[in-house]
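Step one of this worksheet: look at the structure below.
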Amino acid sequence: MTKKEVKTIGVLTSGGDAPGMNAAIRAVVRTAINKGLKVKGIMRGYAGLLQEEIIDLETTSVSDIINRGGTILYTARSQEFRTEEGQRLGAEICRKHGIDGIIVIGGDGSFRGAGKLSELGINTIAVPGTIDLDIACTDYTIGFDTAVNTAMEAIDKVRDTSTSHERCSIIEVMGRHAGHIALWCGIANGAEDILLPERYDGNEQYLINRIIENRKRGKKHHIIINAEGIGHSTSMARRIEAATGVETRATIIGYIQRGGTPTCKDRVYASLMGAKAAELMADGKSNRVVAYKNGEFIDYDIQEALNMTKDIPEDQFEISKMLVR
């Protein structure tokens, strides 16, 4: 794509929030200013862009935010921006405010919006920010490390009480379409069963048989990690208790996985991604997404990235099955 001179950029966060987004924002702002660019913050994602919720950002604007979860720019989803009319309006508002390019921190849906703005003449660079680790072009997404550590610590606590009461516990973690959090927690927490949207066939009888067999072998508890995309943890617990006679409880960890202090990895990797995005923008690049692949920070064409597919790593899944026996 033809390079164009970029003098002022915007930065926004869109979709679900993720720990580490603030580190990325900080890196975008400070790297861009270091390269002579002006930076504007766009509040509340694409919805805020359409409402012209735009502020000036300086290096001091992003002081003391690297350790904070969530996003100082807030986030929202916008149905209006999904329309061609909304996308054209967004591009017009960018030009009205002198914004030559936008760095978008978010997931696949946010990337699609960035691609549309690029087609309308606004340089765009996307940065993967989602706790689900479900963006195919990258081995790392901002927020996953913190979210999976938060879930792991919560599951450890549930295991303690589950053991004390000799219960079966179904613990539901986030992941509507992707089971990466569930898989990692299942391995890290030593769960007896792991239910993933990509693999679970709905065979509850198998779970029931496993619980009965394990109880006969002397196991005092049974931990089932259930991904949000499968859900129905409470009703599943009732059915399992009725079938096994083992007291069974459901725990839905929920939105605590999105919040909290980012881990070191999420702070550092998000900073490196944000800095790379600003460097690409300063170089006049557009329609690119920053990715971490095979130990390196690289970039792809947004549409190329969106066309990629991602599944649970088969080797990790097979190992998880061996370890939970």
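Following the order of the structure tokens, chains are lettered A, B, ..., residues in each are numbered from 1, and ligands are numbered from 1.
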
Within 9 Å of Arg176 in chain A, counting only C-alpha atoms, which residues show up once you throw out same-chain ones fewer than 4 positions away? Write them as a ChimeraX atom specification, please.
-> /A:132,197,227-231

Can I get the selected residues back with N, CA and C atoms, as a PDB file, in the first residue's frame?
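Dumped everything to selection-v2.pdb:
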```pdb
ATOM      1  N   ASP A 132      -8.606 -14.168  25.249  1.00  0.00           N
ATOM      2  CA  ASP A 132      -8.951 -15.509  24.750  1.00  0.00           C
ATOM      3  C   ASP A 132      -7.850 -16.187  23.937  1.00  0.00           C
ATOM      4  N   PRO A 197     -14.580 -25.923  23.899  1.00  0.00           N
ATOM      5  CA  PRO A 197     -15.545 -25.762  22.794  1.00  0.00           C
ATOM      6  C   PRO A 197     -15.097 -26.468  21.519  1.00  0.00           C
ATOM      7  N   ALA A 227     -15.205 -24.567  29.755  1.00  0.00           N
ATOM      8  CA  ALA A 227     -15.103 -23.297  29.047  1.00  0.00           C
ATOM      9  C   ALA A 227     -16.480 -22.649  28.905  1.00  0.00           C
ATOM     10  N   GLU A 228     -16.473 -21.333  28.921  1.00  0.00           N
ATOM     11  CA  GLU A 228     -17.709 -20.543  28.807  1.00  0.00           C
ATOM     12  C   GLU A 228     -18.527 -20.920  27.573  1.00  0.00           C
ATOM     13  N   GLY A 229     -17.834 -21.281  26.494  1.00  0.00           N
ATOM     14  CA  GLY A 229     -18.543 -21.628  25.263  1.00  0.00           C
ATOM     15  C   GLY A 229     -19.401 -22.868  25.381  1.00  0.00           C
ATOM     16  N   ILE A 230     -19.088 -23.727  26.336  1.00  0.00           N
ATOM     17  CA  ILE A 230     -19.928 -24.895  26.627  1.00  0.00           C
ATOM     18  C   ILE A 230     -20.981 -24.508  27.644  1.00  0.00           C
ATOM     19  N   GLY A 231     -20.546 -23.843  28.722  1.00  0.00           N
ATOM     20  CA  GLY A 231     -21.473 -23.267  29.695  1.00  0.00           C
ATOM     21  C   GLY A 231     -22.345 -24.280  30.419  1.00  0.00           C
TER      22      GLY A 231
END
```

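Taking only C-alpha atoms, the non-local environment of Asp56 in chain A within 8 Å (same-chain residues fewer than 2 positions away omitted) comprises A:Val39, A:Lys40, A:Gly41, A:Ile54, A:Glu58.
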
DSSP on the backbone: what in range 118-182 of chain A comes out strand (DSSP E), as a list in words?
->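 Here are the strand (DSSP E) residues of range 118-182 of chain A: Asn123, Thr124, Ile125, Ala126, Val127, Pro128, Cys168, Ser169, Ile170, Ile171, Glu172 and Val173 of chain A.
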
Give me a file of those residues, with N, CA and C atoms, as a PDB file, in the first residue's frame.
```
ATOM      1  N   ASN A 123      -4.776   5.583   7.667  1.00  0.00           N
ATOM      2  CA  ASN A 123      -3.790   4.551   7.982  1.00  0.00           C
ATOM      3  C   ASN A 123      -4.172   3.834   9.277  1.00  0.00           C
ATOM      4  N   THR A 124      -4.093   2.523   9.275  1.00  0.00           N
ATOM      5  CA  THR A 124      -4.468   1.775  10.476  1.00  0.00           C
ATOM      6  C   THR A 124      -3.449   0.684  10.769  1.00  0.00           C
ATOM      7  N   ILE A 125      -3.146   0.548  12.048  1.00  0.00           N
ATOM      8  CA  ILE A 125      -2.325  -0.548  12.551  1.00  0.00           C
ATOM      9  C   ILE A 125      -3.102  -1.190  13.699  1.00  0.00           C
ATOM     10  N   ALA A 126      -3.216  -2.506  13.701  1.00  0.00           N
ATOM     11  CA  ALA A 126      -3.964  -3.219  14.738  1.00  0.00           C
ATOM     12  C   ALA A 126      -3.000  -3.934  15.684  1.00  0.00           C
ATOM     13  N   VAL A 127      -3.399  -3.996  16.954  1.00  0.00           N
ATOM     14  CA  VAL A 127      -2.621  -4.685  17.988  1.00  0.00           C
ATOM     15  C   VAL A 127      -3.556  -5.680  18.670  1.00  0.00           C
ATOM     16  N   PRO A 128      -3.181  -6.960  18.768  1.00  0.00           N
ATOM     17  CA  PRO A 128      -4.087  -7.978  19.324  1.00  0.00           C
ATOM     18  C   PRO A 128      -4.230  -7.889  20.840  1.00  0.00           C
ATOM     19  N   CYS A 168     -17.252 -32.878  43.830  1.00  0.00           N
ATOM     20  CA  CYS A 168     -16.919 -32.619  42.436  1.00  0.00           C
ATOM     21  C   CYS A 168     -17.171 -31.126  42.203  1.00  0.00           C
ATOM     22  N   SER A 169     -16.224 -30.438  41.576  1.00  0.00           N
ATOM     23  CA  SER A 169     -16.395 -29.016  41.275  1.00  0.00           C
ATOM     24  C   SER A 169     -16.277 -28.784  39.779  1.00  0.00           C
ATOM     25  N   ILE A 170     -17.295 -28.149  39.221  1.00  0.00           N
ATOM     26  CA  ILE A 170     -17.243 -27.719  37.822  1.00  0.00           C
ATOM     27  C   ILE A 170     -16.915 -26.237  37.844  1.00  0.00           C
ATOM     28  N   ILE A 171     -15.760 -25.880  37.303  1.00  0.00           N
ATOM     29  CA  ILE A 171     -15.302 -24.492  37.350  1.00  0.00           C
ATOM     30  C   ILE A 171     -15.289 -23.932  35.938  1.00  0.00           C
ATOM     31  N   GLU A 172     -16.102 -22.917  35.725  1.00  0.00           N
ATOM     32  CA  GLU A 172     -16.269 -22.347  34.383  1.00  0.00           C
ATOM     33  C   GLU A 172     -15.364 -21.132  34.213  1.00  0.00           C
ATOM     34  N   VAL A 173     -14.516 -21.189  33.186  1.00  0.00           N
ATOM     35  CA  VAL A 173     -13.622 -20.088  32.867  1.00  0.00           C
ATOM     36  C   VAL A 173     -14.072 -19.441  31.560  1.00  0.00           C
TER      37      VAL A 173
END
```

Computed interatomic separation between CA of Gly48 in chain A and CA of Gly90 in chain A (Å) = 9.7 Å

Write out as a PyMOL selection string the residues lying within 8 Å of Arg267 in chain A, counting only C-alpha atoms and excluding same-chain residues fewer than 2 positions away.
-> chain A and resi 20+23-24+66-67+262-265+269-271

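Using only C-alpha atoms, the smallest distance between any of A:Ala76, A:Ala91, A:Ile319, A:Ala282 and Thr8 in chain A comes from A:Ala282.
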
Would you please work out which residue, of A:Met236, A:Ile212, A:Val11, A:Leu120, is nearest to Glu84 in chain A when using only C-alpha atoms?
->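 Looking only at the distances to Glu84 in chain A, the closest residue turns out to be A:Leu120.
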
Could you pull the residues within 9 Å of Phe297 in chain A, counting only C-alpha atoms, minus those fewer than 5 positions along the same chain, as a list of chain:residue names?
-> A:Leu272, A:Met273, A:Lys276, A:Val290, A:Ala291, A:Tyr292

Quick one: residues within 8 Å of Ala151 in chain A, only C-alpha atoms counted, chain neighbours fewer than 5 positions away excluded, as a PyMOL selection string?
-> chain A and resi 173+185+253+257

Contacts of Glu198 in chain A at 9 Å or less, counting only C-alpha atoms, minus same-chain residues fewer than 5 places along, as a list in words?
->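 Listing them by chain and then by number gives His177, Ala178, Gly179, Asp311 and Ile312 of chain A.
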
Could you please determine the separation between CA of Ile42 in chain A and CA of Gly260 in chain A in Å, to one decimal place?
->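 Rounded to one decimal, the two atoms are 22.9 Å apart.
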
What does the distance between CA of Arg288 in chain A and CA of Ile9 in chain A come to in Å, to one decimal place?
-> 14.8 Å

Pick out the closest residue to Thr31 in chain A from this set: A:Gly121, A:Gly274, A:Leu89, A:Met322. Count only C-alpha atoms.
->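 Selected residue with least distance to Thr31 in chain A: A:Gly274.
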
Between A:Arg30, A:Arg68, A:Arg82, A:His97, single out the one closest to Gly259 in chain A, counting only C-alpha atoms.
-> A:Arg68
